[in-house]
Amino acid sequence: MSKRRPYVRSMDGWWRKNPYFVEYMIHEGTALFVAAYAGILLTGLLRLAQGEAAWNAWLSALQNPWYICFHLLALAALTYHTYTWFKIMPRTMPPVIVGGQRLSAWAITGSGLAVATAACFGLLAVVWGMAR
Amino acid sequence: MKQERKRSNAPIFWALFGAGGMLSALFGPMLVFITGLAVPLGLLLPADTMSYPHMLAFARNWLGKGFIFAIIALFLWHAAHRIFHSLHDIGIHAGTGAKLICYGLAMLGTVLAAYALLAIGF
Amino acid sequence: MAEKTIEIEVLRYHPEKDREPHRQVFEVPFTDDMSVLQGVQYIKDYLDGSLSFRWSCRMAICGSCGMMINGIPSLSCQTFLRDYYPARVRVEALSHFPIERDLVISMDGFIEKLESIQPYIIPKEPRTLEQGEYLQTPEQLDAYEQFSSCINCLLCYAACPQFGLNPDFVGPAAIALLHRYNVDSRDGAKAERMELVNSEEGVFNCTAVGYCSEVCPKHVDPANAVNQNKTNSAADYFLRFLAPKGGAK
């Protein structure tokens, strides 16, 4: 008879045991802010469909300090999401060969962040241009 | 040795997750700043940036419609996928139940957004 | 001069005597050229001969001596006690694997996975001896070379919470090796291996934590292999209806 009795350890609290995993849970947690923000936008869209009074009520609700607080946190969370999204990017892509050399991880992350910065300020410029 | 393997249907959700993740990585911070901070606090942008006539015109334009729909729907699918996996990560292996709630809510949001955009007209 | 010592805390488990693992601390003579493996060997040779662990080459090439050292998956032969001294060093069997005894893990599941990926070249075009060797360009070599450095030390599995949560997940090293053969220009069995990639045990268990690639002592970057195959698998998932079926030969 086999004397083997392999012991399986519990996974409870695994993500608290290593700083790398704590960071992983934080960047996964940005999804809560993405979801809540999408929910706020969806509410706004539904109010827009209901007419001017409903829209204006939604717009003034956004001035509530709680909403301002939430959006400050959401800004931090989504910015962190942007950073981590492009940080992990080199690990998720096929190698990019430029001039016979593999593009370094740093170059991929850097280009991603540069494109995101351009996209953000491009968006701001478009909104500013449309509103003016 | 060879066994029958069941093909995963994850690519559907993974693709939506990836598209939403990319969209929010590119535009998320500035969108939050514009709609959540700049406009309510009257910073930087003209006071009527998100006025009813402006937003109605934007939502009636096919490009604007597409942008609004993509942002809301893909943000929701991105978040639903991450939250579903995070539940698994913290030990809530609710399986089909958690899947239905996470992806179901994203689906509901998508349908509501499509409905509102159609109701707003062209 | 008094001899310096360092405390090594080992997670012990004896399947015939213990209900569950427990910690035991040993006081080991310390010199600053000692690896953690040498510390553990000292315990076995002089303090407690019943301590069980795997090791062989002592030079980070055999992949036998992986352990959790202060909670980090590491090869104990290339981790040095001086980096912890004078604090106590905590040593434990690799995470996410069943403990067979003390620092020895059960590798049964991994061996099955390794077999399932067919880790050998299945020639696209069989050649006779007269036809000579298979030629590859440096670019073709570069496509897979990094993934061929895996020594099966299993640190990446100990770093992968998704494997810990679902032991059926094929996991980082096996998928890195699978990828190594799939992208080899001489190989022709990609379609067979993709069945495993696409399956419920396949790549979509991964949530891109990325820690597997951090701990890899051979810089294989298994996370990259897994995530490239998510893209491959998704492309096949959506485009398979467009591609002509290959049955008309």
# chains A, B, ... in the order shown; residues from 1 in each chain; ligands from 1
>>> closest_atom_pairs(of="chain A", to="chain C", cutoff="12 Å", atoms="only C-alpha atoms", output="JSON lines")
{"residue": "A:Ser2", "atom": "CA", "partner": "C:Glu16", "partner_atom": "CA", "distance": 10.4}
{"residue": "A:Lys3", "atom": "CA", "partner": "C:Glu16", "partner_atom": "CA", "distance": 6.7}
{"residue": "A:Arg4", "atom": "CA", "partner": "C:Pro15", "partner_atom": "CA", "distance": 6.4}
{"residue": "A:Arg5", "atom": "CA", "partner": "C:Pro15", "partner_atom": "CA", "distance": 5.3}
{"residue": "A:Pro6", "atom": "CA", "partner": "C:Glu100", "partner_atom": "CA", "distance": 4.6}
{"residue": "A:Tyr7", "atom": "CA", "partner": "C:Ile99", "partner_atom": "CA", "distance": 4.9}
{"residue": "A:Val8", "atom": "CA", "partner": "C:Pro98", "partner_atom": "CA", "distance": 4.5}
{"residue": "A:Arg9", "atom": "CA", "partner": "C:Pro98", "partner_atom": "CA", "distance": 6.9}
{"residue": "A:Ser10", "atom": "CA", "partner": "C:His96", "partner_atom": "CA", "distance": 8.5}
{"residue": "A:Met11", "atom": "CA", "partner": "C:Gly164", "partner_atom": "CA", "distance": 6.8}
{"residue": "A:Asp12", "atom": "CA", "partner": "C:Leu165", "partner_atom": "CA", "distance": 9.8}
{"residue": "A:Gly13", "atom": "CA", "partner": "C:Pro161", "partner_atom": "CA", "distance": 10.8}
{"residue": "A:Trp14", "atom": "CA", "partner": "C:Pro161", "partner_atom": "CA", "distance": 7.6}
{"residue": "A:Trp15", "atom": "CA", "partner": "C:Pro161", "partner_atom": "CA", "distance": 8.2}
{"residue": "A:Arg16", "atom": "CA", "partner": "C:Gly71", "partner_atom": "CA", "distance": 11.4}
{"residue": "A:Lys17", "atom": "CA", "partner": "C:Gly71", "partner_atom": "CA", "distance": 7.6}
{"residue": "A:Asn18", "atom": "CA", "partner": "C:Gly71", "partner_atom": "CA", "distance": 7.4}
{"residue": "A:Pro19", "atom": "CA", "partner": "C:Ile72", "partner_atom": "CA", "distance": 10.5}
{"residue": "A:Tyr20", "atom": "CA", "partner": "C:Tyr211", "partner_atom": "CA", "distance": 7.3}
{"residue": "A:Phe21", "atom": "CA", "partner": "C:Val209", "partner_atom": "CA", "distance": 7.7}
{"residue": "A:Val22", "atom": "CA", "partner": "C:Val209", "partner_atom": "CA", "distance": 10.7}
{"residue": "A:Glu23", "atom": "CA", "partner": "C:Val209", "partner_atom": "CA", "distance": 9.5}
{"residue": "A:Tyr24", "atom": "CA", "partner": "C:Val209", "partner_atom": "CA", "distance": 6.4}
{"residue": "A:Met25", "atom": "CA", "partner": "C:Val209", "partner_atom": "CA", "distance": 9.2}
{"residue": "A:Ile26", "atom": "CA", "partner": "C:Val209", "partner_atom": "CA", "distance": 11.5}
{"residue": "A:His27", "atom": "CA", "partner": "C:Val209", "partner_atom": "CA", "distance": 10.0}
{"residue": "A:Glu28", "atom": "CA", "partner": "C:Thr207", "partner_atom": "CA", "distance": 9.5}
{"residue": "A:Thr84", "atom": "CA", "partner": "C:Val209", "partner_atom": "CA", "distance": 10.9}
{"residue": "A:Trp85", "atom": "CA", "partner": "C:Ala208", "partner_atom": "CA", "distance": 10.3}
{"residue": "A:Lys87", "atom": "CA", "partner": "C:Gly210", "partner_atom": "CA", "distance": 10.5}
{"residue": "A:Ile88", "atom": "CA", "partner": "C:Gly210", "partner_atom": "CA", "distance": 7.5}
{"residue": "A:Met89", "atom": "CA", "partner": "C:Asn224", "partner_atom": "CA", "distance": 9.4}
{"residue": "A:Pro90", "atom": "CA", "partner": "C:Asn224", "partner_atom": "CA", "distance": 7.7}
{"residue": "A:Arg91", "atom": "CA", "partner": "C:Asn224", "partner_atom": "CA", "distance": 4.5}
{"residue": "A:Thr92", "atom": "CA", "partner": "C:Asn227", "partner_atom": "CA", "distance": 4.8}
{"residue": "A:Met93", "atom": "CA", "partner": "C:Gln228", "partner_atom": "CA", "distance": 5.8}
{"residue": "A:Pro94", "atom": "CA", "partner": "C:Gln228", "partner_atom": "CA", "distance": 5.8}
{"residue": "A:Pro95", "atom": "CA", "partner": "C:Ala143", "partner_atom": "CA", "distance": 8.4}
{"residue": "A:Val96", "atom": "CA", "partner": "C:Ala143", "partner_atom": "CA", "distance": 11.0}
{"residue": "A:Ile97", "atom": "CA", "partner": "C:Glu139", "partner_atom": "CA", "distance": 10.0}
{"residue": "A:Gly100", "atom": "CA", "partner": "C:Glu139", "partner_atom": "CA", "distance": 8.7}
{"residue": "A:Gln101", "atom": "CA", "partner": "C:Glu139", "partner_atom": "CA", "distance": 10.1}
{"residue": "A:Arg102", "atom": "CA", "partner": "C:Asp142", "partner_atom": "CA", "distance": 9.8}
{"residue": "A:Ala105", "atom": "CA", "partner": "C:Asn224", "partner_atom": "CA", "distance": 11.3}
>>> interface_residues(of="chain C", to="chain B", cutoff="9 Å", atoms="only C-alpha atoms", output="list of chain:residue names")
C:Ser116, C:Pro161, C:Gln162, C:Leu165, C:Glu195, C:Leu196, C:Val197, C:Asn198, C:Ser199, C:Glu200, C:Glu201, C:Gly202, C:Phe204, C:Thr207, C:Lys230, C:Thr231, C:Ser233, C:Ala234, C:Ala235, C:Tyr237, C:Phe238
>>> closest_atom_pairs(of="chain B", to="chain A", cutoff="8 Å", atoms="only C-alpha atoms", output="tab-separated table")
residue	atom	partner	partner_atom	distance
B:Gly21	CA	A:Trp85	CA	7.5
B:Met22	CA	A:Trp85	CA	7.7
B:Ser24	CA	A:Leu78	CA	7.3
B:Ala25	CA	A:Thr82	CA	4.1
B:Leu26	CA	A:Ala116	CA	4.4
B:Phe27	CA	A:Cys120	CA	5.3
B:Gly28	CA	A:Leu78	CA	5.9
B:Pro29	CA	A:Leu75	CA	5.4
B:Met30	CA	A:Cys120	CA	5.3
B:Leu31	CA	A:Cys120	CA	7.9
B:Val32	CA	A:Leu75	CA	5.8
B:Phe33	CA	A:Leu75	CA	6.5
B:Ile34	CA	A:Leu124	CA	7.7
B:Gly36	CA	A:His71	CA	5.4
B:Leu37	CA	A:Ile68	CA	6.4
B:Pro40	CA	A:Gln63	CA	5.0
B:Leu41	CA	A:Gln63	CA	6.8
B:Leu45	CA	A:Trp128	CA	6.3
B:Pro46	CA	A:Ala131	CA	6.5
B:Asp48	CA	A:Ala131	CA	7.0
B:Thr49	CA	A:Ala131	CA	4.8
B:Met50	CA	A:Ala131	CA	7.9
B:Ser51	CA	A:Asn56	CA	7.9
B:Tyr52	CA	A:Glu52	CA	5.9
B:His54	CA	A:Ala131	CA	7.5
B:Met55	CA	A:Leu48	CA	7.8
B:Leu56	CA	A:Leu48	CA	7.1
B:Ile71	CA	A:Ala38	CA	7.7
B:Ile72	CA	A:Ala38	CA	5.3
B:Ala73	CA	A:Ala38	CA	7.9
B:Phe75	CA	A:Ala38	CA	6.1
B:Leu76	CA	A:Ala35	CA	5.5
B:His78	CA	A:Ala31	CA	7.4
B:Ala79	CA	A:Ala31	CA	4.6
B:Ala80	CA	A:Ala35	CA	7.4
B:Arg82	CA	A:Ala31	CA	6.3
B:Ile83	CA	A:Ala31	CA	6.6
B:Ser86	CA	A:Glu28	CA	7.0
B:Ile90	CA	A:Gly13	CA	7.3
B:Gly91	CA	A:Asp12	CA	7.3
B:Gly109	CA	A:Leu42	CA	7.3
B:Leu112	CA	A:Leu46	CA	7.8
B:Ala113	CA	A:Leu42	CA	6.4
B:Ala116	CA	A:Leu46	CA	5.5
B:Leu117	CA	A:Ala49	CA	7.4
B:Ala119	CA	A:Ala49	CA	6.2
B:Ile120	CA	A:Ala49	CA	5.1
>>> write_last_selection(atoms="C-alpha atoms", output="PDB file, in the first residue's frame")
ATOM      1  CA  GLY B  21      -9.371  47.868 -21.305  1.00  0.00           C
ATOM      2  CA  MET B  22      -7.625  49.508 -24.224  1.00  0.00           C
ATOM      3  CA  SER B  24     -10.309  53.017 -20.958  1.00  0.00           C
ATOM      4  CA  ALA B  25      -6.500  53.065 -20.898  1.00  0.00           C
ATOM      5  CA  LEU B  26      -6.480  55.512 -23.798  1.00  0.00           C
ATOM      6  CA  PHE B  27      -9.365  57.818 -22.920  1.00  0.00           C
ATOM      7  CA  GLY B  28     -10.511  56.882 -19.377  1.00  0.00           C
ATOM      8  CA  PRO B  29      -8.553  59.412 -17.307  1.00  0.00           C
ATOM      9  CA  MET B  30      -9.465  62.378 -19.543  1.00  0.00           C
ATOM     10  CA  LEU B  31     -13.122  61.332 -19.789  1.00  0.00           C
ATOM     11  CA  VAL B  32     -13.392  61.179 -16.006  1.00  0.00           C
ATOM     12  CA  PHE B  33     -11.681  64.542 -15.765  1.00  0.00           C
ATOM     13  CA  ILE B  34     -14.032  66.157 -18.312  1.00  0.00           C
ATOM     14  CA  GLY B  36     -16.704  64.280 -13.544  1.00  0.00           C
ATOM     15  CA  LEU B  37     -14.488  67.228 -12.612  1.00  0.00           C
ATOM     16  CA  PRO B  40     -19.227  70.081 -12.764  1.00  0.00           C
ATOM     17  CA  LEU B  41     -16.593  72.375 -11.239  1.00  0.00           C
ATOM     18  CA  LEU B  45     -13.847  74.129 -20.438  1.00  0.00           C
ATOM     19  CA  PRO B  46     -16.658  76.492 -21.519  1.00  0.00           C
ATOM     20  CA  ASP B  48     -22.010  74.992 -21.678  1.00  0.00           C
ATOM     21  CA  THR B  49     -19.718  72.139 -22.787  1.00  0.00           C
ATOM     22  CA  MET B  50     -22.219  69.506 -21.676  1.00  0.00           C
ATOM     23  CA  SER B  51     -25.398  71.586 -22.072  1.00  0.00           C
ATOM     24  CA  TYR B  52     -28.543  69.788 -23.243  1.00  0.00           C
ATOM     25  CA  HIS B  54     -24.719  70.217 -27.141  1.00  0.00           C
ATOM     26  CA  MET B  55     -25.092  66.714 -25.800  1.00  0.00           C
ATOM     27  CA  LEU B  56     -28.286  66.065 -27.762  1.00  0.00           C
ATOM     28  CA  ILE B  71     -17.395  53.785 -24.147  1.00  0.00           C
ATOM     29  CA  ILE B  72     -20.311  52.670 -22.002  1.00  0.00           C
ATOM     30  CA  ALA B  73     -20.649  49.114 -23.318  1.00  0.00           C
ATOM     31  CA  PHE B  75     -16.143  49.819 -20.142  1.00  0.00           C
ATOM     32  CA  LEU B  76     -18.870  47.624 -18.660  1.00  0.00           C
ATOM     33  CA  HIS B  78     -14.068  45.193 -19.351  1.00  0.00           C
ATOM     34  CA  ALA B  79     -15.038  45.717 -15.729  1.00  0.00           C
ATOM     35  CA  ALA B  80     -17.405  42.715 -15.654  1.00  0.00           C
ATOM     36  CA  ARG B  82     -12.098  41.677 -14.361  1.00  0.00           C
ATOM     37  CA  ILE B  83     -14.534  41.580 -11.468  1.00  0.00           C
ATOM     38  CA  SER B  86     -11.307  38.842  -9.063  1.00  0.00           C
ATOM     39  CA  ILE B  90     -10.519  35.968  -3.616  1.00  0.00           C
ATOM     40  CA  GLY B  91     -12.072  32.533  -3.330  1.00  0.00           C
ATOM     41  CA  GLY B 109     -26.066  48.052 -19.560  1.00  0.00           C
ATOM     42  CA  LEU B 112     -29.981  50.088 -22.052  1.00  0.00           C
ATOM     43  CA  ALA B 113     -27.314  52.194 -23.783  1.00  0.00           C
ATOM     44  CA  ALA B 116     -31.311  55.225 -25.041  1.00  0.00           C
ATOM     45  CA  LEU B 117     -29.245  56.034 -28.133  1.00  0.00           C
ATOM     46  CA  ALA B 119     -34.663  56.764 -28.325  1.00  0.00           C
ATOM     47  CA  ILE B 120     -32.637  59.950 -28.691  1.00  0.00           C
TER      48      ILE B 120
END
>>> residues_around(residues="segment 3-5 of chain C", least_positions_apart="5", cutoff="10 Å", atoms="only C-alpha atoms", output="list of chain:residue names")
C:Phe26, C:Glu27, C:Val28, C:Pro29, C:Phe30, C:Thr31, C:Asp32, C:Tyr85, C:Pro86
>>> residues_around(residues="segment 216-220 of chain C", least_positions_apart="5", cutoff="7 Å", atoms="only C-alpha atoms", output="list in words")
Gln146, Phe147, Ser149, Cys150, Leu155 and Cys156 of chain C
>>> atom_distance(atom1="atom CA of Ile101 of chain B", atom2="atom CA of His81 of chain B")
10.8 Å
>>> select_by_dssp(residues="segment 5-246 of chain C", states="helix (DSSP H, G or I)", output="ChimeraX atom specification")
/C:36-47,76-78,81-83,108-116,129-131,138-149,155-158,161-165,172-182,190-198,203-205,211-215,222-239
>>> select_by_dssp(residues="segment 72-249 of chain C", states="strand (DSSP E or B)", output="JSON list (two decimals) with N, CA and C atoms, in the first residue's frame")
[["chain", "number", "residue", "atom", "x", "y", "z"],
["C", 72, "ILE", "N", 9.21, 33.64, -1.52],
["C", 72, "ILE", "CA", 9.47, 33.89, -2.95],
["C", 72, "ILE", "C", 9.94, 32.59, -3.61],
["C", 73, "PRO", "N", 9.31, 32.19, -4.72],
["C", 73, "PRO", "CA", 9.79, 30.98, -5.40],
["C", 73, "PRO", "C", 11.22, 31.21, -5.91],
["C", 74, "SER", "N", 12.14, 30.36, -5.47],
["C", 74, "SER", "CA", 13.55, 30.57, -5.81],
["C", 74, "SER", "C", 14.26, 29.23, -5.97],
["C", 75, "LEU", "N", 15.35, 29.23, -6.76],
["C", 75, "LEU", "CA", 16.24, 28.08, -6.76],
["C", 75, "LEU", "C", 17.15, 28.24, -5.55],
["C", 80, "PHE", "N", 21.38, 33.15, -1.69],
["C", 80, "PHE", "CA", 22.46, 33.07, -0.71],
["C", 80, "PHE", "C", 22.02, 33.52, 0.68],
["C", 89, "VAL", "N", 15.88, 32.77, 7.98],
["C", 89, "VAL", "CA", 15.40, 32.47, 6.62],
["C", 89, "VAL", "C", 14.29, 31.43, 6.71],
["C", 90, "ARG", "N", 13.19, 31.69, 6.02],
["C", 90, "ARG", "CA", 12.04, 30.78, 6.02],
["C", 90, "ARG", "C", 12.05, 29.97, 4.73],
["C", 91, "VAL", "N", 12.03, 28.66, 4.86],
["C", 91, "VAL", "CA", 12.08, 27.79, 3.68],
["C", 91, "VAL", "C", 10.85, 26.88, 3.68],
["C", 92, "GLU", "N", 10.23, 26.76, 2.51],
["C", 92, "GLU", "CA", 9.01, 25.98, 2.42],
["C", 92, "GLU", "C", 8.93, 25.34, 1.04],
["C", 99, "ILE", "N", 2.38, 18.84, -1.04],
["C", 99, "ILE", "CA", 3.67, 18.47, -0.43],
["C", 99, "ILE", "C", 3.73, 16.96, -0.28],
["C", 100, "GLU", "N", 4.76, 16.38, -0.88],
["C", 100, "GLU", "CA", 4.96, 14.94, -0.74],
["C", 100, "GLU", "C", 5.57, 14.65, 0.64],
["C", 101, "ARG", "N", 6.63, 15.38, 0.94],
["C", 101, "ARG", "CA", 7.28, 15.29, 2.24],
["C", 101, "ARG", "C", 8.25, 16.47, 2.38],
["C", 104, "VAL", "N", 9.76, 18.47, -0.54],
["C", 104, "VAL", "CA", 9.54, 17.75, -1.80],
["C", 104, "VAL", "C", 8.08, 17.88, -2.21],
["C", 105, "ILE", "N", 7.86, 18.37, -3.43],
["C", 105, "ILE", "CA", 6.48, 18.49, -3.91],
["C", 105, "ILE", "C", 6.11, 17.32, -4.80],
["C", 123, "PRO", "N", 7.89, 16.66, -37.23],
["C", 123, "PRO", "CA", 8.30, 17.35, -38.45],
["C", 123, "PRO", "C", 7.13, 17.66, -39.38],
["C", 187, "ASP", "N", 8.48, 22.42, -37.10],
["C", 187, "ASP", "CA", 7.39, 21.64, -36.50],
["C", 187, "ASP", "C", 6.09, 21.78, -37.28],
["C", 199, "SER", "N", -8.63, 24.95, -24.92],
["C", 199, "SER", "CA", -9.56, 24.24, -24.04],
["C", 199, "SER", "C", -9.79, 24.99, -22.73]]
>>> closest_residue(among="C:Ile8, C:Met68, C:Leu103, C:Leu129", to="Tyr42 of chain C", atoms="only C-alpha atoms")
C:Ile8
